[in-house]
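**Q** My structure is in structure38.tsv, and what it holds is TSV, C-alpha atoms and all ligand atoms:
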chain	number	residue	atom	x	y	z
A	15	MET	CA	88.23	-5.30	169.49
A	16	SER	CA	91.44	-5.24	171.49
A	17	ASP	CA	93.98	-2.52	170.66
A	18	ASN	CA	96.73	-4.81	172.02
A	19	ARG	CA	98.59	-5.86	168.85
A	20	LEU	CA	100.06	-8.99	170.40
A	21	ASP	CA	96.62	-10.14	171.53
A	22	HIS	CA	95.12	-9.25	168.15
A	23	VAL	CA	97.77	-11.10	166.08
A	24	VAL	CA	97.75	-14.17	168.34
A	25	ARG	CA	93.93	-14.37	168.19
A	26	SER	CA	94.10	-14.12	164.41
A	27	VAL	CA	96.81	-16.80	164.02
A	28	VAL	CA	95.20	-19.19	166.50
A	29	GLY	CA	91.84	-18.64	164.81
A	30	ALA	CA	93.31	-19.61	161.43
A	31	VAL	CA	94.95	-22.72	162.91
A	32	ARG	CA	91.68	-23.70	164.64
A	33	GLU	CA	89.83	-23.37	161.35
A	34	ALA	CA	92.41	-25.61	159.64
A	35	VAL	CA	92.16	-28.20	162.43
A	36	VAL	CA	88.38	-28.31	162.03
A	37	GLU	CA	88.55	-28.31	158.23
A	38	GLU	CA	91.04	-31.21	158.20
A	39	GLN	CA	89.25	-33.03	161.04
A	40	VAL	CA	92.55	-33.49	162.84
A	41	THR	CA	92.32	-36.37	165.31
A	42	PHE	CA	93.47	-36.31	168.92
A	43	GLU	CA	96.27	-38.75	168.02
A	44	GLU	CA	97.45	-36.44	165.25
A	45	TYR	CA	97.25	-33.47	167.62
A	46	ARG	CA	99.38	-35.28	170.21
A	47	ALA	CA	101.84	-36.38	167.51
A	48	ALA	CA	102.12	-32.78	166.30
A	49	ILE	CA	102.94	-31.55	169.82
A	50	GLY	CA	105.54	-34.32	170.19
A	51	TYR	CA	107.12	-33.41	166.88
A	52	MET	CA	107.23	-29.72	167.77
A	53	MET	CA	109.08	-30.68	170.96
A	54	LYS	CA	111.51	-32.71	168.88
A	55	ILE	CA	112.12	-29.74	166.56
A	56	ALA	CA	112.66	-27.44	169.55
A	57	GLU	CA	115.04	-29.88	171.25
A	58	ALA	CA	117.07	-30.13	168.05
A	59	GLY	CA	117.38	-26.32	167.98
A	60	GLU	CA	115.51	-26.22	164.68
A	61	LEU	CA	112.62	-23.94	165.60
A	62	PRO	CA	114.10	-21.00	163.61
A	63	LEU	CA	114.62	-23.30	160.61
A	64	PHE	CA	111.09	-24.69	160.91
A	65	ILE	CA	109.53	-21.23	161.05
A	66	ASP	CA	111.73	-19.91	158.23
A	67	VAL	CA	110.88	-22.80	155.90
A	68	PHE	CA	107.15	-22.28	156.25
A	69	MET	CA	106.72	-18.59	157.11
A	70	ASN	CA	109.64	-16.45	155.92
A	71	SER	CA	108.31	-16.13	152.38
A	72	THR	CA	104.95	-14.98	153.79
A	73	ILE	CA	106.60	-12.18	155.75
A	74	VAL	CA	108.38	-11.18	152.52
A	75	ASP	CA	105.00	-11.20	150.79
A	76	VAL	CA	103.70	-8.76	153.42
A	77	ILE	CA	106.71	-6.49	152.75
A	78	ASN	CA	106.13	-6.59	149.00
A	79	ARG	CA	102.42	-5.87	149.28
A	80	GLY	CA	103.24	-2.76	151.32
A	81	SER	CA	105.98	-1.56	148.98
A	82	HIS	CA	105.96	1.10	146.28
A	83	PRO	CA	104.94	-0.55	142.97
A	84	GLU	CA	108.20	0.55	141.33
A	85	ALA	CA	110.41	-0.75	144.15
A	86	SER	CA	112.36	-3.94	143.50
A	87	PRO	CA	110.76	-7.02	145.06
A	88	SER	CA	112.07	-8.17	148.41
A	89	ASP	CA	113.06	-11.77	149.04
A	90	MET	CA	114.11	-13.84	152.05
A	91	GLU	CA	117.31	-12.87	153.84
A	92	GLY	CA	118.01	-16.45	154.83
A	93	PRO	CA	120.12	-17.48	157.81
A	94	TYR	CA	123.57	-16.80	156.34
A	95	PHE	CA	123.86	-13.01	156.28
A	96	VAL	CA	126.92	-11.84	158.23
A	97	GLU	CA	127.17	-8.29	159.59
A	98	GLY	CA	130.34	-6.22	159.30
A	99	VAL	CA	132.09	-7.75	156.31
A	100	PRO	CA	134.66	-5.53	154.57
A	101	HIS	CA	134.21	-3.48	151.42
A	102	VAL	CA	135.71	-5.12	148.34
A	103	ASP	CA	137.37	-3.48	145.40
A	104	GLY	CA	135.37	-5.09	142.62
A	105	THR	CA	136.29	-8.70	143.44
A	106	ILE	CA	134.89	-10.84	146.23
A	107	LYS	CA	137.39	-13.26	147.77
A	108	THR	CA	136.92	-16.85	146.63
A	109	MET	CA	138.81	-19.96	147.67
A	110	ASP	CA	141.82	-21.20	145.73
A	111	ALA	CA	140.37	-24.70	145.77
A	112	TYR	CA	137.60	-23.41	143.55
A	113	LYS	CA	139.67	-21.12	141.35
A	114	ASP	CA	138.63	-22.98	138.21
A	115	ASP	CA	134.94	-22.50	138.89
A	116	GLU	CA	132.87	-20.32	136.64
A	117	PRO	CA	133.30	-16.64	137.43
A	118	LEU	CA	130.24	-14.49	137.87
A	119	VAL	CA	129.94	-10.74	137.48
A	120	VAL	CA	126.99	-9.05	139.17
A	121	ARG	CA	126.52	-5.54	137.91
A	122	GLY	CA	123.93	-2.85	137.39
A	123	TYR	CA	122.41	0.25	138.90
A	124	VAL	CA	120.82	1.22	142.15
A	125	LYS	CA	118.02	3.70	141.53
A	126	ASP	CA	115.14	5.21	143.43
A	127	VAL	CA	111.57	4.42	142.46
A	128	SER	CA	111.43	7.39	140.09
A	129	GLY	CA	114.41	6.02	138.17
A	130	THR	CA	117.08	8.38	139.47
A	131	ALA	CA	120.43	6.63	139.86
A	132	LEU	CA	121.81	6.72	143.40
A	133	PRO	CA	125.55	7.22	143.88
A	134	ASP	CA	127.55	6.07	146.91
A	135	VAL	CA	125.03	3.44	148.02
A	136	THR	CA	126.42	0.37	149.80
A	137	LEU	CA	125.31	-3.12	148.79
A	138	ASP	CA	126.01	-6.26	150.79
A	139	ILE	CA	126.42	-9.20	148.42
A	140	TRP	CA	126.76	-12.82	149.53
A	141	SER	CA	126.41	-16.18	147.86
A	142	SER	CA	127.38	-19.81	148.28
A	143	THR	CA	130.67	-21.45	147.42
A	144	PRO	CA	130.55	-23.71	144.36
A	145	ASP	CA	129.64	-26.53	146.75
A	146	GLY	CA	126.83	-24.77	148.56
A	147	LYS	CA	128.62	-23.51	151.68
A	148	TYR	CA	128.79	-19.99	153.14
A	149	GLY	CA	131.82	-18.01	154.30
A	150	GLY	CA	131.79	-17.37	158.05
A	151	ILE	CA	129.24	-20.17	158.54
A	152	HIS	CA	130.49	-23.51	157.21
A	153	ASP	CA	133.71	-25.52	157.31
A	154	GLY	CA	135.87	-22.74	158.75
A	155	ILE	CA	135.60	-20.67	155.56
A	156	PRO	CA	136.59	-17.10	156.53
A	157	LYS	CA	133.69	-14.65	156.76
A	158	ASP	CA	135.09	-12.32	154.11
A	159	TYR	CA	134.96	-15.06	151.45
A	160	TYR	CA	132.00	-15.18	149.07
A	161	ARG	CA	130.64	-12.00	150.62
A	162	GLY	CA	131.47	-8.32	150.70
A	163	LYS	CA	130.23	-4.77	150.54
A	164	ILE	CA	130.41	-2.69	147.38
A	165	LYS	CA	129.42	0.90	146.65
A	166	THR	CA	127.74	2.43	143.64
A	167	ASP	CA	129.85	4.99	141.75
A	168	GLU	CA	128.84	8.54	140.88
A	169	ASN	CA	126.45	7.15	138.23
A	170	GLY	CA	124.76	4.73	140.61
A	171	TYR	CA	126.58	1.82	138.94
A	172	PHE	CA	128.12	-1.16	140.68
A	173	GLN	CA	130.04	-4.20	139.51
A	174	VAL	CA	131.46	-7.07	141.50
A	175	LYS	CA	133.09	-10.37	140.57
A	176	THR	CA	132.59	-13.66	142.40
A	177	THR	CA	131.86	-17.25	141.30
A	178	VAL	CA	128.59	-18.83	140.20
A	179	PRO	CA	126.74	-20.23	143.23
A	180	VAL	CA	124.93	-23.56	143.18
A	181	PRO	CA	121.60	-24.91	144.43
A	182	TYR	CA	121.99	-26.16	148.00
A	183	GLN	CA	120.00	-28.07	150.54
A	184	ILE	CA	118.78	-26.38	153.69
A	185	PRO	CA	119.86	-28.28	156.83
A	186	HIS	CA	118.04	-31.57	156.32
A	187	SER	CA	119.56	-34.14	158.68
A	188	GLY	CA	117.31	-33.18	161.63
A	189	PRO	CA	113.58	-33.33	162.34
A	190	VAL	CA	112.67	-30.51	159.91
A	191	GLY	CA	114.35	-32.37	157.04
A	192	ALA	CA	112.66	-35.61	158.13
A	193	MET	CA	109.29	-33.85	158.23
A	194	MET	CA	109.74	-32.47	154.72
A	195	ASP	CA	110.73	-35.94	153.58
A	196	MET	CA	107.57	-37.39	155.15
A	197	MET	CA	105.58	-34.67	153.35
A	198	GLY	CA	107.13	-35.77	150.05
A	199	ARG	CA	109.00	-32.48	149.64
A	200	HIS	CA	112.64	-31.87	148.76
A	201	THR	CA	114.99	-29.59	150.71
A	202	TRP	CA	116.73	-27.73	147.87
A	203	ARG	CA	116.94	-24.03	147.20
A	204	PRO	CA	117.73	-22.73	143.70
A	205	ALA	CA	121.16	-21.12	143.24
A	206	HIS	CA	121.02	-17.46	144.18
A	207	VAL	CA	122.99	-14.35	145.01
A	208	HIS	CA	121.84	-12.42	148.09
A	209	VAL	CA	121.73	-8.63	148.04
A	210	LYS	CA	121.01	-6.22	150.87
A	211	ILE	CA	120.89	-2.45	150.45
A	212	ARG	CA	120.75	-0.17	153.45
A	213	GLU	CA	120.73	3.52	152.64
A	214	ASP	CA	119.69	6.35	154.95
A	215	GLY	CA	116.25	7.68	154.04
A	216	TYR	CA	115.27	4.56	152.07
A	217	ARG	CA	113.50	1.38	152.96
A	218	GLU	CA	115.94	-1.51	153.33
A	219	LEU	CA	115.92	-3.84	150.34
A	220	ILE	CA	116.82	-7.49	150.86
A	221	THR	CA	116.49	-9.65	147.80
A	222	GLN	CA	117.99	-12.53	145.78
A	223	LEU	CA	119.07	-12.96	142.17
A	224	TYR	CA	118.47	-16.31	140.42
A	225	PHE	CA	119.51	-18.20	137.29
A	226	GLU	CA	117.12	-19.22	134.53
A	227	GLY	CA	117.19	-22.96	133.91
A	228	ASP	CA	118.05	-23.78	137.53
A	229	PRO	CA	116.32	-27.07	138.43
A	230	TYR	CA	114.82	-25.60	141.61
A	231	VAL	CA	113.95	-22.08	140.50
A	232	GLY	CA	110.31	-23.16	140.12
A	233	SER	CA	110.19	-25.29	143.27
A	234	ASP	CA	112.10	-23.54	146.06
A	235	CYS	CA	111.82	-25.70	149.18
A	236	CYS	CA	111.19	-22.53	151.20
A	237	GLU	CA	108.29	-21.64	148.92
A	238	GLY	CA	110.29	-18.54	148.13
A	239	ILE	CA	109.14	-15.53	146.21
A	240	VAL	CA	111.64	-15.90	143.29
A	241	PRO	CA	110.65	-12.66	141.53
A	242	PRO	CA	110.51	-13.25	137.75
A	243	GLU	CA	112.48	-10.05	137.09
A	244	PHE	CA	115.33	-11.49	139.16
A	245	VAL	CA	115.61	-14.77	137.24
A	246	PHE	CA	118.42	-14.10	134.77
A	247	PRO	CA	118.95	-15.90	131.47
A	248	ARG	CA	122.37	-17.39	130.76
A	249	ARG	CA	124.69	-14.67	129.52
A	250	VAL	CA	128.46	-15.04	129.20
A	251	GLU	CA	131.06	-12.36	128.45
A	252	ASP	CA	134.78	-13.17	128.25
A	253	GLY	CA	134.20	-16.49	130.01
A	254	LYS	CA	132.27	-14.89	132.85
A	255	ARG	CA	128.58	-15.36	133.64
A	256	ILE	CA	126.82	-12.03	133.83
A	257	ILE	CA	123.93	-10.89	135.95
A	258	GLU	CA	122.92	-7.37	135.04
A	259	THR	CA	120.12	-5.71	136.93
A	260	THR	CA	118.64	-2.53	138.29
A	261	LEU	CA	117.72	-2.45	141.95
A	262	LYS	CA	115.14	0.15	142.89
A	263	ILE	CA	114.73	1.31	146.47
A	264	GLU	CA	111.97	3.49	147.84
A	265	PRO	CA	112.33	6.61	149.96
A	266	LEU	CA	110.90	6.06	153.42
A	267	ALA	CA	108.56	9.02	152.96
A	268	GLU	CA	106.89	7.14	150.08
A	269	VAL	CA	106.15	4.00	152.08
A	270	PRO	CA	102.33	3.75	152.01
A	271	GLU	CA	100.57	4.36	155.32
A	272	ALA	CA	99.28	1.21	156.97
A	273	ALA	CA	95.55	0.83	156.42
B	1	FE	FE	121.41	-18.42	150.39
Output the structure of this file as structure tokens.

**A**
Amino acid sequence: MSDNRLDHVVRSVVGAVREAVVEEQVTFEEYRAAIGYMMKIAEAGELPLFIDVFMNSTIVDVINRGSHPEASPSDMEGPYFVEGVPHVDGTIKTMDAYKDDEPLVVRGYVKDVSGTALPDVTLDIWSSTPDGKYGGIHDGIPKDYYRGKIKTDENGYFQVKTTVPVPYQIPHSGPVGAMMDMMGRHTWRPAHVHVKIREDGYRELITQLYFEGDPYVGSDCCEGIVPPEFVFPRRVEDGKRIIETTLKIEPLAEVPEAA
């Protein structure tokens, strides 16, 4: 067997596709149509979207299978992470136009896999506006709105205020959206809050926090992981929705060796 990883992975992927083509008895017309549609997707600049919709959750699955059993589950990063946003002092900037929208407090602890709280750890938190847009991405919304960095205190505790995000559709006006429509699928993601933790000596954790009762939490269009421990029941304190969680990250030395 080849020790060239690229050759090995490509052989494996192509082999699986060939098996599917045989299994489904794909016709030459269907094969030609598939090539034509792939060209259309590429020409529309939607190849990253196409691959993300169908494969990102699988890559996340690979990460989770290789993670320490006590580590928090990883989830998709999605296309709307922005690097270099400022630290916030407990409150993420939200737009005045939405000032009456339901506030959300995300709080909890960052711990290692043995349960030790970790002080001075930076979390990136980002989520949609109350109409499903992202700061720094859509409609000229500044990049420091609906996203920010926050640090855990000396007890490993963090707390940040924002507004409740909403379910939103992935870009659906191009060929990928049309393809999902033809497949009888919808293009909605459940409402979620993105979290990314990067701490020296620990494996990066990228995950998402969800809301129980969300109409799409059981049918994410991206076939997402939606870890059950990160689907939070409705809880309100002083008029604010609360998400309270513990995020556990694993030291790099404890990452299992690849088989
Ligand atoms: Fe998102």

**Q** Can you work out which residues are within 7 Å of ligand FE 1 (chain B), considering all atoms listed in the file, and then hand them over as an mmCIF file with C-alpha atoms, keeping the file's coordinate frame?

**A**
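The resulting file, pocket-v2.cif, is shown below:
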data_model
loop_
_atom_site.group_PDB
_atom_site.id
_atom_site.type_symbol
_atom_site.label_atom_id
_atom_site.label_comp_id
_atom_site.auth_asym_id
_atom_site.auth_seq_id
_atom_site.Cartn_x
_atom_site.Cartn_y
_atom_site.Cartn_z
ATOM 1 C CA GLY A 92 118.010 -16.450 154.830
ATOM 2 C CA TYR A 94 123.570 -16.800 156.340
ATOM 3 C CA SER A 141 126.410 -16.180 147.860
ATOM 4 C CA SER A 142 127.380 -19.810 148.280
ATOM 5 C CA HIS A 206 121.020 -17.460 144.180
ATOM 6 C CA VAL A 207 122.990 -14.350 145.010
ATOM 7 C CA HIS A 208 121.840 -12.420 148.090
#

**Q** With distances taken over all atoms listed in the file, which residue among A:Phe95, A:Tyr159, A:Tyr123, A:Tyr45 lies nearest A:Thr259?

**A** A:Tyr123

**Q** Can you list, as an MDAnalysis selection string, every protein, DNA or RNA residue that comes within 10 Å of A:Pro93 when you count only C-alpha atoms, leaving out same-chain residues fewer than 5 positions away?

**A** chainID A and resid 62:63 66 151 184

**Q** Find the distance between atom CA of A:Val40 and atom CA of A:Ala56 and write it in Å to one decimal.

**A**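 Value for the atom CA of A:Val40-atom CA of A:Ala56 distance: 22.0 Å.
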
**Q** Report as a PyMOL selection string all protein, DNA and RNA residues lying within 6 Å of A:Phe246, evaluated on all atoms listed in the file, omitting residues in the same chain fewer than 2 positions from it.

**A** chain A and resi 225-226+244

**Q** Next, write the just-selected residues to a file, as a CSV table (one decimal), in the frame of the given file, keeping C-alpha atoms as the atom set.

**A**
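Contents of the output file again24.csv:
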chain,number,residue,atom,x,y,z
A,225,PHE,CA,119.5,-18.2,137.3
A,226,GLU,CA,117.1,-19.2,134.5
A,244,PHE,CA,115.3,-11.5,139.2

**Q** To one decimal in Å, tell me the separation between atom CA of A:Thr108 and atom CA of A:Thr177.

**A**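 These two atoms are separated by 7.4 Å.
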
**Q** Go ahead and compute the interatomic distance for atom CA of A:Ala48 and atom CA of A:Arg25, in Å to one decimal.

**A**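 That distance, rounded to one decimal, is 20.2 Å.
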
**Q** Using all atoms listed in the file, find the one residue out of A:Val28, A:Glu218, A:Val119, A:Leu137 that sits nearest to A:Ile257.

**A**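 Closest candidate: A:Val119.
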
**Q** Name the residues in contact with A:Tyr216 at a cut-off of 7 Å, using only C-alpha atoms, excluding same-chain residues fewer than 6 positions from it; report them as a PyMOL selection string.

**A** chain A and resi 263-266

**Q** Select, from A:His101, A:Lys125, A:Lys254, A:Arg248, the residue with the minimum atom-to-atom distance to A:Lys175, counting only C-alpha atoms.

**A**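 So, comparing all the options, the nearest one is A:Lys254.
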
**Q** Might you pull out every residue within 12 Å of A:Thr143, with only C-alpha atoms counted and same-chain residues fewer than 2 positions away left off, and present them as a ChimeraX atom specification?

**A** /A:106-113,115-118,140-141,145-153,155-157,159-161,176-182,205-207

**Q** Give me the residues within 6 Å of A:Val99 as a ChimeraX atom specification, counting all atoms listed in the file and dropping any in the same chain fewer than 2 places off.

**A** /A:97,158,162

**Q** Could you check which residues have any atom within 12 Å of (114.8, -31.6, 157.2), counting all atoms listed in the file with coordinates taken straight from the file, and then list them as a PyMOL selection string?

**A** chain A and resi 55+58+60-61+63-64+67+183-202+235-236

**Q** Restricting the calculation to only C-alpha atoms, which member of A:Pro144, A:Pro100, A:Gly129, A:Pro87 is positioned closest to A:Gly238?

**A**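 Nearest candidate to A:Gly238 out of A:Pro144, A:Pro100, A:Gly129, A:Pro87: A:Pro87.
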
**Q** Calculate, to one decimal in Å, the centre and edge lengths of the box along x, y and z of the file that holds all listed atoms of stretch 53-58 of chain A with 4 Å of margin on each side, and present them as JSON.

**A**
{"center_x": 113.1, "center_y": -30.1, "center_z": 168.9, "size_x": 16.0, "size_y": 13.3, "size_z": 12.7}

**Q** Of the candidates A:Ser71, A:Leu132, A:Asn169, A:Gly253, which one gets nearest to A:Val240 if we count all atoms listed in the file?

**A** A:Ser71

**Q** Here is a test: counting all atoms listed in the file, which residue of A:Ile220, A:Met90, A:Val209, A:Ala34 is nearest to A:Arg121?

**A**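 Among the listed residues, A:Val209 lies closest to A:Arg121.
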
**Q** Can I get stretch 28-39 of chain A with all heavy atoms filled in, as a PDB file, in the coordinates of the input?

**A**
ATOM      1  N   VAL A  28      95.814 -18.013 165.865  1.00  0.00           N
ATOM      2  CA  VAL A  28      95.200 -19.190 166.500  1.00  0.00           C
ATOM      3  C   VAL A  28      93.857 -19.497 165.831  1.00  0.00           C
ATOM      4  O   VAL A  28      93.514 -20.657 165.580  1.00  0.00           O
ATOM      5  CB  VAL A  28      95.045 -18.974 168.029  1.00  0.00           C
ATOM      6  CG1 VAL A  28      94.213 -20.093 168.650  1.00  0.00           C
ATOM      7  CG2 VAL A  28      96.417 -18.901 168.681  1.00  0.00           C
ATOM      8  N   GLY A  29      93.121 -18.441 165.491  1.00  0.00           N
ATOM      9  CA  GLY A  29      91.840 -18.640 164.810  1.00  0.00           C
ATOM     10  C   GLY A  29      92.021 -19.367 163.481  1.00  0.00           C
ATOM     11  O   GLY A  29      91.255 -20.283 163.150  1.00  0.00           O
ATOM     12  N   ALA A  30      93.057 -18.971 162.731  1.00  0.00           N
ATOM     13  CA  ALA A  30      93.310 -19.610 161.430  1.00  0.00           C
ATOM     14  C   ALA A  30      93.715 -21.076 161.623  1.00  0.00           C
ATOM     15  O   ALA A  30      93.290 -21.952 160.869  1.00  0.00           O
ATOM     16  CB  ALA A  30      94.389 -18.845 160.675  1.00  0.00           C
ATOM     17  N   VAL A  31      94.538 -21.336 162.647  1.00  0.00           N
ATOM     18  CA  VAL A  31      94.950 -22.720 162.910  1.00  0.00           C
ATOM     19  C   VAL A  31      93.734 -23.548 163.333  1.00  0.00           C
ATOM     20  O   VAL A  31      93.543 -24.680 162.877  1.00  0.00           O
ATOM     21  CB  VAL A  31      96.063 -22.767 163.994  1.00  0.00           C
ATOM     22  CG1 VAL A  31      96.368 -24.211 164.399  1.00  0.00           C
ATOM     23  CG2 VAL A  31      97.324 -22.078 163.481  1.00  0.00           C
ATOM     24  N   ARG A  32      92.890 -22.967 164.202  1.00  0.00           N
ATOM     25  CA  ARG A  32      91.680 -23.700 164.640  1.00  0.00           C
ATOM     26  C   ARG A  32      90.811 -24.060 163.439  1.00  0.00           C
ATOM     27  O   ARG A  32      90.300 -25.175 163.344  1.00  0.00           O
ATOM     28  CB  ARG A  32      90.871 -22.847 165.618  1.00  0.00           C
ATOM     29  CG  ARG A  32      91.467 -22.837 167.009  1.00  0.00           C
ATOM     30  CD  ARG A  32      90.631 -21.995 167.956  1.00  0.00           C
ATOM     31  NE  ARG A  32      91.167 -22.071 169.304  1.00  0.00           N
ATOM     32  CZ  ARG A  32      91.148 -21.077 170.176  1.00  0.00           C
ATOM     33  NH1 ARG A  32      90.595 -19.913 169.836  1.00  0.00           N
ATOM     34  NH2 ARG A  32      91.643 -21.230 171.370  1.00  0.00           N
ATOM     35  N   GLU A  33      90.649 -23.106 162.540  1.00  0.00           N
ATOM     36  CA  GLU A  33      89.830 -23.370 161.350  1.00  0.00           C
ATOM     37  C   GLU A  33      90.412 -24.533 160.539  1.00  0.00           C
ATOM     38  O   GLU A  33      89.678 -25.396 160.058  1.00  0.00           O
ATOM     39  CB  GLU A  33      89.797 -22.123 160.449  1.00  0.00           C
ATOM     40  CG  GLU A  33      88.591 -21.259 160.688  1.00  0.00           C
ATOM     41  CD  GLU A  33      88.560 -20.066 159.751  1.00  0.00           C
ATOM     42  OE1 GLU A  33      88.872 -20.230 158.551  1.00  0.00           O
ATOM     43  OE2 GLU A  33      88.245 -18.968 160.246  1.00  0.00           O
ATOM     44  N   ALA A  34      91.751 -24.544 160.404  1.00  0.00           N
ATOM     45  CA  ALA A  34      92.410 -25.610 159.640  1.00  0.00           C
ATOM     46  C   ALA A  34      92.216 -26.968 160.326  1.00  0.00           C
ATOM     47  O   ALA A  34      91.982 -27.986 159.676  1.00  0.00           O
ATOM     48  CB  ALA A  34      93.896 -25.300 159.459  1.00  0.00           C
ATOM     49  N   VAL A  35      92.326 -26.960 161.662  1.00  0.00           N
ATOM     50  CA  VAL A  35      92.160 -28.200 162.430  1.00  0.00           C
ATOM     51  C   VAL A  35      90.746 -28.763 162.223  1.00  0.00           C
ATOM     52  O   VAL A  35      90.559 -29.968 162.011  1.00  0.00           O
ATOM     53  CB  VAL A  35      92.456 -27.949 163.927  1.00  0.00           C
ATOM     54  CG1 VAL A  35      91.997 -29.130 164.783  1.00  0.00           C
ATOM     55  CG2 VAL A  35      93.941 -27.688 164.139  1.00  0.00           C
ATOM     56  N   VAL A  36      89.766 -27.871 162.238  1.00  0.00           N
ATOM     57  CA  VAL A  36      88.380 -28.310 162.030  1.00  0.00           C
ATOM     58  C   VAL A  36      88.199 -28.786 160.600  1.00  0.00           C
ATOM     59  O   VAL A  36      87.647 -29.862 160.343  1.00  0.00           O
ATOM     60  CB  VAL A  36      87.396 -27.145 162.349  1.00  0.00           C
ATOM     61  CG1 VAL A  36      85.976 -27.513 161.930  1.00  0.00           C
ATOM     62  CG2 VAL A  36      87.455 -26.809 163.833  1.00  0.00           C
ATOM     63  N   GLU A  37      88.675 -27.987 159.658  1.00  0.00           N
ATOM     64  CA  GLU A  37      88.550 -28.310 158.230  1.00  0.00           C
ATOM     65  C   GLU A  37      89.156 -29.681 157.918  1.00  0.00           C
ATOM     66  O   GLU A  37      88.577 -30.483 157.183  1.00  0.00           O
ATOM     67  CB  GLU A  37      89.260 -27.204 157.419  1.00  0.00           C
ATOM     68  CG  GLU A  37      89.440 -27.476 155.946  1.00  0.00           C
ATOM     69  CD  GLU A  37      88.209 -27.126 155.134  1.00  0.00           C
ATOM     70  OE1 GLU A  37      87.372 -26.363 155.654  1.00  0.00           O
ATOM     71  OE2 GLU A  37      88.087 -27.639 154.013  1.00  0.00           O
ATOM     72  N   GLU A  38      90.341 -29.950 158.490  1.00  0.00           N
ATOM     73  CA  GLU A  38      91.040 -31.210 158.200  1.00  0.00           C
ATOM     74  C   GLU A  38      90.611 -32.345 159.130  1.00  0.00           C
ATOM     75  O   GLU A  38      91.123 -33.464 159.021  1.00  0.00           O
ATOM     76  CB  GLU A  38      92.566 -31.006 158.324  1.00  0.00           C
ATOM     77  CG  GLU A  38      93.150 -29.991 157.346  1.00  0.00           C
ATOM     78  CD  GLU A  38      92.994 -30.408 155.889  1.00  0.00           C
ATOM     79  OE1 GLU A  38      92.893 -31.629 155.618  1.00  0.00           O
ATOM     80  OE2 GLU A  38      92.942 -29.518 155.025  1.00  0.00           O
ATOM     81  N   GLN A  39      89.708 -32.041 160.054  1.00  0.00           N
ATOM     82  CA  GLN A  39      89.250 -33.030 161.040  1.00  0.00           C
ATOM     83  C   GLN A  39      90.430 -33.761 161.679  1.00  0.00           C
ATOM     84  O   GLN A  39      90.501 -35.002 161.690  1.00  0.00           O
ATOM     85  CB  GLN A  39      88.288 -34.016 160.374  1.00  0.00           C
ATOM     86  CG  GLN A  39      87.056 -33.314 159.819  1.00  0.00           C
ATOM     87  CD  GLN A  39      86.014 -34.292 159.302  1.00  0.00           C
ATOM     88  OE1 GLN A  39      85.726 -35.306 159.922  1.00  0.00           O
ATOM     89  NE2 GLN A  39      85.433 -33.978 158.158  1.00  0.00           N
TER      90      GLN A  39
END
